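Here is the file query03.csv (CSV, C-alpha atoms).
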chain,number,residue,atom,x,y,z
Z,193,MET,CA,-124.9,82.7,183.8
Z,194,SER,CA,-122.0,80.2,184.0
Z,195,GLU,CA,-120.9,81.4,187.4
Z,196,ARG,CA,-124.3,81.5,189.0
Z,197,GLU,CA,-125.6,78.8,191.2
Z,198,LEU,CA,-128.6,77.3,189.4
Z,199,PRO,CA,-131.6,75.8,191.2
Z,200,VAL,CA,-131.8,72.1,191.7
Z,201,GLY,CA,-133.0,70.4,188.5
Z,202,VAL,CA,-131.0,72.5,186.0
Z,203,GLU,CA,-127.4,71.6,185.2
Z,204,GLU,CA,-124.8,74.5,185.6
Z,205,GLU,CA,-123.6,75.6,182.2
Z,206,THR,CA,-120.2,76.8,181.0
Z,207,LEU,CA,-120.9,79.1,178.2
Z,208,TYR,CA,-117.4,80.0,177.0
Z,209,ASP,CA,-114.2,78.0,177.3
Z,210,GLY,CA,-111.8,80.9,176.5
Z,211,SER,CA,-110.9,79.6,173.1
Z,212,GLU,CA,-113.7,81.3,171.1
Z,213,ASP,CA,-113.3,84.3,168.9
Z,214,GLY,CA,-116.9,85.4,168.7
Z,215,VAL,CA,-117.7,86.4,172.3
Z,216,ILE,CA,-116.3,89.9,172.3
Z,217,THR,CA,-118.5,92.1,170.1
Z,218,GLU,CA,-118.2,95.7,169.1
Z,219,PRO,CA,-119.6,97.9,171.9
Z,220,PHE,CA,-122.6,100.1,171.3
Z,221,ASN,CA,-122.1,103.8,170.4
Z,222,PRO,CA,-121.7,105.8,173.6
Z,223,LYS,CA,-123.9,108.5,172.1
Z,224,ASP,CA,-126.8,106.0,172.5
Z,225,VAL,CA,-126.5,106.2,176.3
Z,226,ASP,CA,-129.2,108.7,177.2
Z,227,ILE,CA,-129.3,109.2,181.0
Z,228,ILE,CA,-130.3,112.4,182.7
Z,229,SER,CA,-130.0,113.6,186.3
Z,230,GLN,CA,-133.4,114.4,187.7
Z,231,PRO,CA,-133.5,116.2,191.1
Z,232,MET,CA,-136.2,114.8,193.4
Z,233,THR,CA,-137.3,114.9,196.9
Z,234,ILE,CA,-138.8,112.1,199.1
Z,235,SER,CA,-142.1,113.9,198.6
Z,236,ASN,CA,-141.8,113.6,194.8
Z,237,LEU,CA,-141.1,109.9,195.1
Z,238,ALA,CA,-144.0,109.4,197.5
Z,239,ASP,CA,-146.4,111.1,195.2
Z,240,ARG,CA,-145.2,109.1,192.2
Z,241,LEU,CA,-145.6,105.9,194.3
Z,242,GLU,CA,-149.1,106.8,195.4
Z,243,TYR,CA,-150.3,107.5,191.9
Z,244,GLY,CA,-148.6,104.4,190.3
Z,245,ASP,CA,-146.1,106.4,188.3
Z,246,ILE,CA,-143.2,104.3,189.7
Z,247,ILE,CA,-143.5,100.7,188.7
Z,248,LEU,CA,-142.7,98.4,191.6
Z,249,ASP,CA,-143.4,95.2,189.7
Z,250,PRO,CA,-141.9,92.1,191.3
Z,251,ASP,CA,-142.7,90.2,188.1
Z,252,PHE,CA,-139.5,91.6,186.6
Z,253,GLN,CA,-137.7,93.1,189.6
Z,254,ARG,CA,-136.2,91.6,192.6
Z,255,ARG,CA,-138.6,90.9,195.4
Z,256,PRO,CA,-139.6,94.2,196.9
Z,257,ASP,CA,-139.8,92.8,200.4
Z,258,LEU,CA,-136.3,91.6,201.0
Z,259,TRP,CA,-135.7,94.2,203.7
Z,260,ASP,CA,-137.4,93.5,207.0
Z,261,ALA,CA,-139.2,96.2,209.0
Z,262,GLY,CA,-136.1,96.9,211.1
Z,263,LYS,CA,-133.9,97.7,208.0
Z,264,GLN,CA,-136.7,99.7,206.4
Z,265,SER,CA,-137.1,101.7,209.7
Z,266,ARG,CA,-133.4,102.5,209.8
Z,267,LEU,CA,-133.6,103.9,206.3
Z,268,ILE,CA,-136.4,106.2,207.5
Z,269,GLU,CA,-134.2,107.1,210.5
Z,270,SER,CA,-131.4,108.1,208.0
Z,271,LEU,CA,-133.9,110.5,206.4
Z,272,ILE,CA,-134.8,112.0,209.7
Z,273,ILE,CA,-131.1,112.7,210.6
Z,274,ARG,CA,-130.4,113.8,207.1
Z,275,ILE,CA,-128.0,111.1,205.9
Z,276,PRO,CA,-128.1,111.1,202.1
Z,277,LEU,CA,-129.5,108.0,200.5
Z,278,PRO,CA,-127.7,106.1,197.7
Z,279,THR,CA,-128.5,107.1,194.1
Z,280,PHE,CA,-131.7,105.9,192.5
Z,281,TYR,CA,-131.8,104.7,188.9
Z,282,PHE,CA,-135.0,104.6,186.8
Z,283,ASP,CA,-136.0,103.6,183.3
Z,284,SER,CA,-138.5,106.1,181.8
Z,285,THR,CA,-141.3,104.7,179.7
Z,286,ASP,CA,-143.1,106.5,176.8
Z,287,ASP,CA,-146.0,107.3,179.2
Z,288,ASP,CA,-143.7,109.0,181.7
Z,289,LYS,CA,-143.9,106.2,184.2
Z,290,LEU,CA,-140.6,105.1,185.9
Z,291,ILE,CA,-139.4,101.6,186.1
Z,292,VAL,CA,-137.0,100.9,189.0
Z,293,VAL,CA,-133.5,99.8,187.9
Z,294,ASP,CA,-131.8,100.3,191.3
Z,295,GLY,CA,-133.4,101.3,194.6
Z,296,LEU,CA,-136.4,98.9,194.9
Z,297,GLN,CA,-135.9,98.1,198.5
Z,298,ARG,CA,-135.5,101.8,199.5
Z,299,LEU,CA,-138.6,102.7,197.5
Z,300,ASN,CA,-140.6,99.9,199.1
Z,301,ALA,CA,-139.7,101.2,202.5
Z,302,ILE,CA,-140.8,104.8,201.6
Z,303,ARG,CA,-144.0,103.4,200.1
Z,304,ARG,CA,-144.8,101.4,203.2
Z,305,PHE,CA,-144.1,104.3,205.6
Z,306,ILE,CA,-145.4,107.3,203.8
Z,307,VAL,CA,-147.9,106.2,201.2
Z,308,GLN,CA,-149.5,103.1,202.7
Z,309,ASP,CA,-152.7,103.8,204.6
Z,310,GLN,CA,-152.0,104.0,208.4
Z,311,ASP,CA,-154.7,101.4,209.1
Z,312,ASP,CA,-153.3,98.9,206.6
Z,313,PRO,CA,-151.5,96.0,208.2
Z,314,ASP,CA,-148.7,96.5,205.7
Z,315,CYS,CA,-148.1,100.0,206.9
Z,316,LEU,CA,-144.6,100.4,208.4
Z,317,ARG,CA,-144.2,101.3,212.0
Z,318,LEU,CA,-140.7,102.2,213.1
Z,319,GLU,CA,-138.7,99.6,215.0
Z,320,LYS,CA,-135.2,98.7,215.9
Z,321,LEU,CA,-134.0,102.3,215.4
Z,322,GLU,CA,-130.3,103.0,216.2
Z,323,TYR,CA,-130.6,106.5,217.6
Z,324,LEU,CA,-134.2,107.8,217.6
Z,325,LYS,CA,-135.7,105.4,220.1
Z,326,GLU,CA,-138.5,107.9,221.0
Z,327,TYR,CA,-140.1,107.3,217.6
Z,328,GLU,CA,-140.2,103.5,217.9
Z,329,GLY,CA,-143.7,102.1,217.1
Z,330,LEU,CA,-144.9,105.2,215.3
Z,331,SER,CA,-146.3,105.5,211.8
Z,332,PHE,CA,-145.6,108.4,209.5
Z,333,GLY,CA,-148.8,110.2,210.5
Z,334,GLU,CA,-147.9,109.9,214.2
Z,335,LEU,CA,-144.5,111.7,213.9
Z,336,PRO,CA,-144.2,115.4,214.8
Z,337,THR,CA,-145.1,117.7,211.9
Z,338,SER,CA,-141.6,119.1,211.7
Z,339,ILE,CA,-140.2,115.6,211.4
Z,340,ARG,CA,-142.7,114.6,208.7
Z,341,ARG,CA,-141.7,117.8,206.8
Z,342,ARG,CA,-138.0,117.0,207.2
Z,343,ILE,CA,-138.5,113.6,205.7
Z,344,LYS,CA,-140.5,114.8,202.7
Z,345,GLU,CA,-138.1,117.6,201.9
Z,346,GLN,CA,-135.0,115.4,201.9
Z,347,LEU,CA,-133.3,115.6,198.5
Z,348,VAL,CA,-132.3,112.4,196.6
Z,349,THR,CA,-130.2,111.9,193.5
Z,350,ALA,CA,-132.0,110.1,190.6
Z,351,TYR,CA,-130.8,109.2,187.2
Z,352,VAL,CA,-133.3,108.4,184.5
Z,353,ILE,CA,-132.8,106.4,181.3
Z,354,ARG,CA,-134.7,108.4,178.7
Z,355,PRO,CA,-137.2,106.8,176.2
Z,356,GLY,CA,-135.7,106.0,172.9
Z,357,THR,CA,-132.5,104.6,174.3
Z,358,PRO,CA,-131.9,101.4,172.3
Z,359,ASP,CA,-133.0,98.2,174.0
Z,360,LYS,CA,-129.5,96.6,174.0
Z,361,VAL,CA,-128.1,99.7,175.6
Z,362,ARG,CA,-130.8,99.7,178.3
Z,363,THR,CA,-130.1,96.0,178.9
Z,364,SER,CA,-126.4,96.8,179.5
Z,365,ILE,CA,-127.2,99.7,181.7
Z,366,PHE,CA,-129.6,97.5,183.8
Z,367,THR,CA,-126.8,94.9,184.1
Z,368,ARG,CA,-124.1,97.3,185.2
Z,369,ILE,CA,-125.9,99.4,187.7
Z,370,ASN,CA,-128.4,97.3,189.6
Z,371,THR,CA,-126.7,96.7,192.9
Z,372,GLY,CA,-129.4,95.6,195.3
Z,373,GLY,CA,-129.3,92.8,197.8
Z,374,LEU,CA,-130.4,90.3,195.2
Z,375,THR,CA,-128.9,91.1,191.7
Z,376,LEU,CA,-131.2,90.9,188.8
Z,377,GLU,CA,-130.9,87.8,186.7
Z,378,PRO,CA,-130.6,88.2,182.9
Z,379,ALA,CA,-134.1,87.0,182.3
Z,380,GLU,CA,-135.5,89.5,184.8
Z,381,ILE,CA,-133.6,92.4,183.1
Z,382,LYS,CA,-135.0,91.3,179.7
Z,383,ASN,CA,-138.5,91.1,181.0
Z,384,SER,CA,-138.2,94.8,182.1
Z,385,VAL,CA,-136.5,96.1,178.9
Z,386,TYR,CA,-138.7,94.2,176.4
Z,387,ARG,CA,-142.0,94.9,178.0
Z,388,GLY,CA,-144.9,94.1,175.8
Z,389,GLN,CA,-145.6,91.1,173.5
Z,390,ALA,CA,-142.1,89.7,173.8
Z,391,ALA,CA,-142.1,89.5,177.6
Z,392,ASN,CA,-145.7,88.5,177.6
Z,393,LEU,CA,-145.1,85.6,175.2
Z,394,LEU,CA,-142.1,84.3,177.2
Z,395,LYS,CA,-144.1,84.3,180.4
Z,396,GLU,CA,-147.1,82.7,178.8
Z,397,LEU,CA,-145.1,79.8,177.4
Z,398,ALA,CA,-142.9,79.4,180.5
Z,399,HIS,CA,-146.1,79.0,182.6
Z,400,SER,CA,-147.8,76.7,180.1
Z,401,ARG,CA,-148.8,73.2,181.2
Z,402,GLU,CA,-146.9,71.8,178.2
Z,403,PHE,CA,-143.6,73.3,179.2
Z,404,VAL,CA,-144.0,72.5,182.9
Z,405,GLN,CA,-144.8,68.9,182.1
Z,406,ALA,CA,-142.0,68.5,179.6
Z,407,THR,CA,-139.5,69.8,182.1
Z,408,ARG,CA,-141.1,67.9,185.0
Z,409,GLY,CA,-141.6,71.1,186.9
Z,410,LYS,CA,-137.9,71.2,187.6
Z,411,ILE,CA,-137.1,74.7,186.4
Z,412,ASP,CA,-137.4,77.4,189.0
Z,413,SER,CA,-139.7,80.2,188.1
Z,414,SER,CA,-139.0,82.5,191.0
Z,415,ARG,CA,-136.1,84.2,189.2
Z,416,MET,CA,-137.5,83.8,185.7
Z,417,LEU,CA,-135.1,80.9,184.8
Z,418,ASP,CA,-138.1,79.3,183.0
Z,419,CYS,CA,-138.4,82.4,180.8
Z,420,GLU,CA,-134.7,82.1,180.0
Z,421,PHE,CA,-135.3,78.6,178.6
Z,422,VAL,CA,-138.2,79.9,176.5
Z,423,ASN,CA,-136.0,82.8,175.3
Z,424,ARG,CA,-133.4,80.3,174.1
Z,425,PHE,CA,-136.1,78.5,172.1
Z,426,ILE,CA,-137.4,81.6,170.6
Z,427,ALA,CA,-133.9,82.8,169.6
Z,428,PHE,CA,-132.9,79.7,167.7
Z,429,TYR,CA,-136.4,79.2,166.4
Z,430,LEU,CA,-136.8,82.7,165.0
Z,431,LEU,CA,-133.2,83.5,164.0
Z,432,GLY,CA,-131.7,80.0,163.3
Z,433,THR,CA,-128.2,78.9,164.1
Z,434,GLN,CA,-126.7,80.4,160.9
Z,435,LEU,CA,-127.3,83.9,162.3
Z,436,TYR,CA,-125.6,83.0,165.6
Z,437,GLU,CA,-122.2,84.7,165.9
Z,438,GLY,CA,-120.9,83.5,169.2
Z,439,ASN,CA,-122.4,85.8,171.8
Z,440,LEU,CA,-125.4,84.1,173.4
Z,441,GLU,CA,-126.6,87.1,175.4
Z,442,ASP,CA,-126.6,89.3,172.3
Z,443,PHE,CA,-128.4,86.6,170.3
Z,444,LEU,CA,-131.1,86.3,173.0
Z,445,ASN,CA,-131.6,90.1,172.9
Z,446,ASN,CA,-131.8,90.1,169.1
Z,447,ALA,CA,-134.5,87.5,169.3
Z,448,LEU,CA,-136.6,89.6,171.6
Z,449,ILE,CA,-136.2,92.7,169.4
Z,450,ARG,CA,-137.4,90.5,166.5
Z,451,LEU,CA,-140.3,89.2,168.6
Z,452,GLN,CA,-141.4,92.7,169.5
Z,453,GLN,CA,-141.9,93.3,165.8
Z,454,GLN,CA,-143.7,90.1,164.9
Z,455,SER,CA,-147.3,90.2,163.7
Z,456,PRO,CA,-150.1,88.5,165.7
Z,457,ASP,CA,-150.0,85.6,163.2
Z,458,GLU,CA,-146.3,85.1,163.7
Z,459,ILE,CA,-146.7,85.3,167.5
Z,460,ASP,CA,-149.4,82.6,167.2
Z,461,ARG,CA,-147.1,80.4,165.1
Z,462,CYS,CA,-144.3,80.7,167.7
Z,463,ARG,CA,-146.8,79.7,170.4
Z,464,ARG,CA,-148.3,76.7,168.5
Z,465,ASP,CA,-144.9,75.4,167.5
Z,466,PHE,CA,-143.4,75.7,171.0
Z,467,LEU,CA,-146.4,74.0,172.6
Z,468,ARG,CA,-146.4,71.2,170.1
Z,469,SER,CA,-142.6,70.8,170.6
Z,470,MET,CA,-143.1,70.5,174.4
Z,471,ARG,CA,-146.0,67.9,174.0
Z,472,TYR,CA,-143.9,65.7,171.7
Z,473,ALA,CA,-140.8,66.1,173.8
Z,474,LYS,CA,-142.7,64.7,176.7
Z,475,GLU,CA,-144.4,61.9,174.7
Z,476,ILE,CA,-141.3,60.8,173.0
Z,477,PHE,CA,-138.6,61.2,175.7
Z,478,GLY,CA,-140.7,61.2,178.8
Z,479,ASP,CA,-138.7,61.9,182.0
Z,480,LYS,CA,-135.5,61.8,180.0
Z,481,ALA,CA,-136.3,64.9,178.0
Z,482,PHE,CA,-133.4,67.5,177.9
Z,483,ARG,CA,-131.3,65.5,180.3
Z,484,LYS,CA,-127.7,64.2,179.9
Z,485,ILE,CA,-126.5,60.7,180.8
Z,486,ASN,CA,-124.1,60.9,183.8
Z,487,ALA,CA,-121.0,58.9,184.2
Z,488,ASP,CA,-122.9,56.4,186.3
Z,489,GLY,CA,-125.3,55.8,183.4
Z,490,ARG,CA,-128.2,57.6,185.0
Z,491,TYR,CA,-130.0,60.6,183.6
Z,492,GLY,CA,-129.0,63.9,185.3
Z,493,GLN,CA,-130.3,67.4,185.5
Z,494,ILE,CA,-131.9,69.4,182.7
Z,495,ASN,CA,-129.3,70.6,180.3
Z,496,LYS,CA,-129.9,74.0,178.6
Z,497,PRO,CA,-128.1,73.2,175.3
Z,498,LEU,CA,-130.0,70.0,175.0
Z,499,PHE,CA,-133.2,71.9,175.6
Z,500,ASP,CA,-132.7,74.4,172.8
Z,501,ALA,CA,-131.4,71.8,170.3
Z,502,VAL,CA,-134.2,69.3,170.9
Z,503,SER,CA,-137.1,71.7,171.3
Z,504,VAL,CA,-136.2,73.8,168.2
Z,505,ASN,CA,-135.7,70.8,166.0
Z,506,LEU,CA,-139.0,69.4,167.1
Z,507,ALA,CA,-140.7,72.7,166.5
Z,508,LYS,CA,-139.4,72.8,162.9
Z,509,LEU,CA,-141.1,69.5,162.1
Z,510,SER,CA,-144.6,69.2,160.9
Z,511,ALA,CA,-147.3,67.5,163.1
Z,512,ALA,CA,-147.1,64.5,160.8
Z,513,ASP,CA,-143.3,64.2,161.3
Z,514,CYS,CA,-143.7,64.5,165.0
Z,515,GLU,CA,-146.2,61.7,164.9
Z,516,ALA,CA,-143.8,59.6,162.9
Z,517,LEU,CA,-141.1,60.2,165.5
Z,518,LEU,CA,-143.5,59.1,168.2
Z,519,ALA,CA,-144.2,56.0,166.2
Z,520,GLY,CA,-140.5,55.4,165.9
Z,521,LYS,CA,-140.0,56.2,169.5
Z,522,GLU,CA,-138.0,53.1,170.4
Z,523,ARG,CA,-135.6,53.6,167.5
Z,524,LEU,CA,-135.2,57.3,168.3
Z,525,GLU,CA,-134.5,56.6,172.0
Z,526,LYS,CA,-131.7,54.2,171.0
Z,527,LYS,CA,-130.1,56.9,168.7
Z,528,TYR,CA,-130.6,59.6,171.4
Z,529,ALA,CA,-129.0,57.5,174.1
Z,530,SER,CA,-126.1,56.6,171.8
Z,531,LEU,CA,-125.6,60.3,171.1
Z,532,LEU,CA,-125.6,61.2,174.8
Z,533,LYS,CA,-122.9,58.6,175.3
Z,534,ASN,CA,-120.7,60.0,172.6
Z,535,GLU,CA,-117.8,61.9,174.3
Z,536,LYS,CA,-117.6,64.5,171.7
Z,537,PHE,CA,-121.3,65.3,171.8
Z,538,VAL,CA,-121.2,65.4,175.6
Z,539,ASP,CA,-118.4,67.9,175.5
Z,540,ILE,CA,-120.2,70.3,173.2
Z,541,ILE,CA,-123.3,70.4,175.5
Z,542,THR,CA,-121.1,70.8,178.6
Z,543,ARG,CA,-118.2,73.1,177.9
Z,544,GLY,CA,-118.1,76.2,175.7
Z,545,THR,CA,-121.8,75.7,175.0
Z,546,ALA,CA,-122.2,79.2,173.6
Z,547,THR,CA,-119.4,79.0,171.0
Z,548,MET,CA,-120.5,79.0,167.3
Z,549,ASN,CA,-119.2,75.5,166.5
Z,550,ASN,CA,-120.8,73.9,169.5
Z,551,VAL,CA,-124.1,75.6,169.0
Z,552,ARG,CA,-124.4,74.7,165.4
Z,553,SER,CA,-123.0,71.2,166.0
Z,554,ARG,CA,-125.5,70.2,168.7
Z,555,HIS,CA,-128.5,71.4,166.6
Z,556,LYS,CA,-127.1,69.6,163.5
Z,557,LYS,CA,-126.6,66.3,165.4
Z,558,ILE,CA,-130.1,66.4,166.9
Z,559,ASP,CA,-131.6,67.1,163.5
Z,560,LYS,CA,-129.6,64.3,162.1
Z,561,ILE,CA,-131.0,61.6,164.4
Z,562,PHE,CA,-134.5,62.9,163.8
Z,563,GLN,CA,-134.1,62.7,160.1
Z,564,GLU,CA,-132.6,59.2,160.3
Z,565,VAL,CA,-135.7,58.0,162.1
Z,566,LEU,CA,-138.0,59.8,159.7
Z,567,SER,CA,-136.3,58.3,156.7
Z,568,ASP,CA,-137.2,54.8,157.9
Z,569,ASP,CA,-139.3,53.2,155.1
Z,570,SER,CA,-141.9,51.7,157.5
Z,571,LEU,CA,-142.5,55.1,159.1
Z,572,SER,CA,-142.5,57.1,155.8
Z,573,ALA,CA,-145.3,55.0,154.4
Z,574,ASP,CA,-147.6,56.0,157.2
Z,575,ARG,CA,-146.8,59.8,157.1
Z,576,LYS,CA,-149.2,62.2,155.6
Z,577,PHE,CA,-147.9,65.2,153.6

Please go through the file and, once you have read it, give me the structure as structure tokens.
Amino acid sequence: MSERELPVGVEEETLYDGSEDGVITEPFNPKDVDIISQPMTISNLADRLEYGDIILDPDFQRRPDLWDAGKQSRLIESLIIRIPLPTFYFDSTDDDKLIVVDGLQRLNAIRRFIVQDQDDPDCLRLEKLEYLKEYEGLSFGELPTSIRRRIKEQLVTAYVIRPGTPDKVRTSIFTRINTGGLTLEPAEIKNSVYRGQAANLLKELAHSREFVQATRGKIDSSRMLDCEFVNRFIAFYLLGTQLYEGNLEDFLNNALIRLQQQSPDEIDRCRRDFLRSMRYAKEIFGDKAFRKINADGRYGQINKPLFDAVSVNLAKLSAADCEALLAGKERLEKKYASLLKNEKFVDIITRGTATMNNVRSRHKKIDKIFQEVLSDDSLSADRKF
């Protein structure tokens, strides 16, 4: 994440500074890697695509339409002249459906050419072919029978991650082998691996009015960066900073594993506390929420470490305490601004933000200024317990 170019509105984060001890964790047991080779033909793939047994879900995958018609057509041309396609990777679900790990663009080309109804405007007609110019403009059904048969009989190599493979192992596999034109972001991988109530809650909260308003609509949702923010909240909210051991990615995965196991009541509690946190973040901090103060004295982009520290500490407070902070807004703003001008604090939310000391320190310092405001006698008298 630290090396990726983030969308405008979110500050680039340096997770590790090279001095931490907790980043390298014990690798998983190689015996947990359960991948099988499954022989397939283009006909097999087309049938599975037609009946919805291969999930081409752009909600968690790269966009399926990155290839234009010319590039898709040249893939079909490769099949006709018997050039082998690159390997496909799938994740097998408990109901025998296949989730695409690598090969989405190729599968979308096959779907558009072979499966899509010929009268559908989305149906692929061959164009910009390199060799077989005589087939330009034709759909699959308009090709000679022998050519259609040759396409459908073409063998492909497919590897399938079998059900029961631990989620962390599957996440690592997704990360290592997806090689498409637009590499999957961590949040997109998690949304695939942790399908169900964990992924659903992240998306629900990321799309909530409260979150969008608190972050001023500045967090790009096209690559699920908004879900990554919610994942960070959920992780520190559910697990706490004391369980954090220095590997942020591992910690985020642990939180989603825990979230998958939560009862409906616990899920509802997460939802309520997150939304309340977002409402008060907006009411108390306004446009300054989750933003650092730059060297020129102006507030900059949204800072992820500030987001998790402020949002989680707000969520841990009662509604009465949140109201008290709102009542003491002016005093809190002064303390907050002073903290954001403290060089040491700025450093821990800027460099090595995923190290144990920096994670625990930022949460502790945000909690400290909240508690200082709440301990004000004039505010305490008005609070209801």

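Considering the residues Z:Asn549, Z:Ser400, Z:Asn486, Z:Thr433 and counting all atoms listed in the file, Asp500 in chain Z has its shortest atom-to-atom contact with Z:Thr433.
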
- Is there a way to get, as an MDAnalysis selection string, all residues within 7 Å of the point (-130.7, 84.8, 187.3) in file coordinates, counting all atoms listed in the file? chainID Z and resid 376:379 415 417

- Query: Which is closest to Met548 in chain Z among Z:Asp457, Z:Cys462, Z:Asn534, Z:Asp209, if we use all atoms listed in the file?
  - Reply: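 The answer is Z:Asp209, which sits nearest to Met548 in chain Z.
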
- Item | For range 327-334 of chain Z: contacts at 7 Å, all atoms listed in the file, fewer than 6 positions along chain excluded, given as a list in words | Phe305, Ile306, Gln310, Leu316, Arg317, Leu318, Glu319, Leu321 and Arg340 of chain Z

- Could you check how far CA of Lys289 in chain Z sits from CA of Arg240 in chain Z, in Å to one decimal?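 About the pair CA of Lys289 in chain Z and CA of Arg240 in chain Z: they are 8.6 Å apart.
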
- Rank nothing, just name the residue among Z:Gln493, Z:Thr337, Z:Gln389, Z:Ser469 nearest to Ile411 in chain Z, using only C-alpha atoms.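 Comparing Z:Gln493, Z:Thr337, Z:Gln389, Z:Ser469 against Ile411 in chain Z, the winner is Z:Gln493.
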
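Nearest residue to Leu517 in chain Z among Z:Asp539, Z:Asp312, Z:Glu475, Z:Glu345 is Z:Glu475, counting only C-alpha atoms.
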
- Quick one: pull the distance between CA of Gly295 in chain Z and CA of Leu440 in chain Z, Å, one decimal. 28.4 Å

- Query: Of the residues Z:Ala261, Z:Ala447, Z:Ile459, Z:Leu393, which is the one nearest to Arg304 in chain Z, using only C-alpha atoms?
  - Reply: Z:Ala261

- Task: Would you mind telling me which residue in Z:Thr542, Z:Ser455, Z:Asn423, Z:Ser270 lies nearest to Glu396 in chain Z when using all atoms listed in the file?
- Result: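 Of Z:Thr542, Z:Ser455, Z:Asn423, Z:Ser270, the one nearest Glu396 in chain Z is Z:Asn423, counting all atoms listed in the file.
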
- Using only C-alpha atoms, which residues sit within 7 Å of Leu207 in chain Z once same-chain residues fewer than 6 positions away are excluded, as JSON, numbers by chain? {"Z": [194, 543, 544, 545, 546]}

- Item | One-decimal distance in Å that lies between CA of Asn439 in chain Z and CA of Asp559 in chain Z |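 Value for the CA of Asp559 in chain Z-CA of Asn439 in chain Z distance: 22.4 Å.
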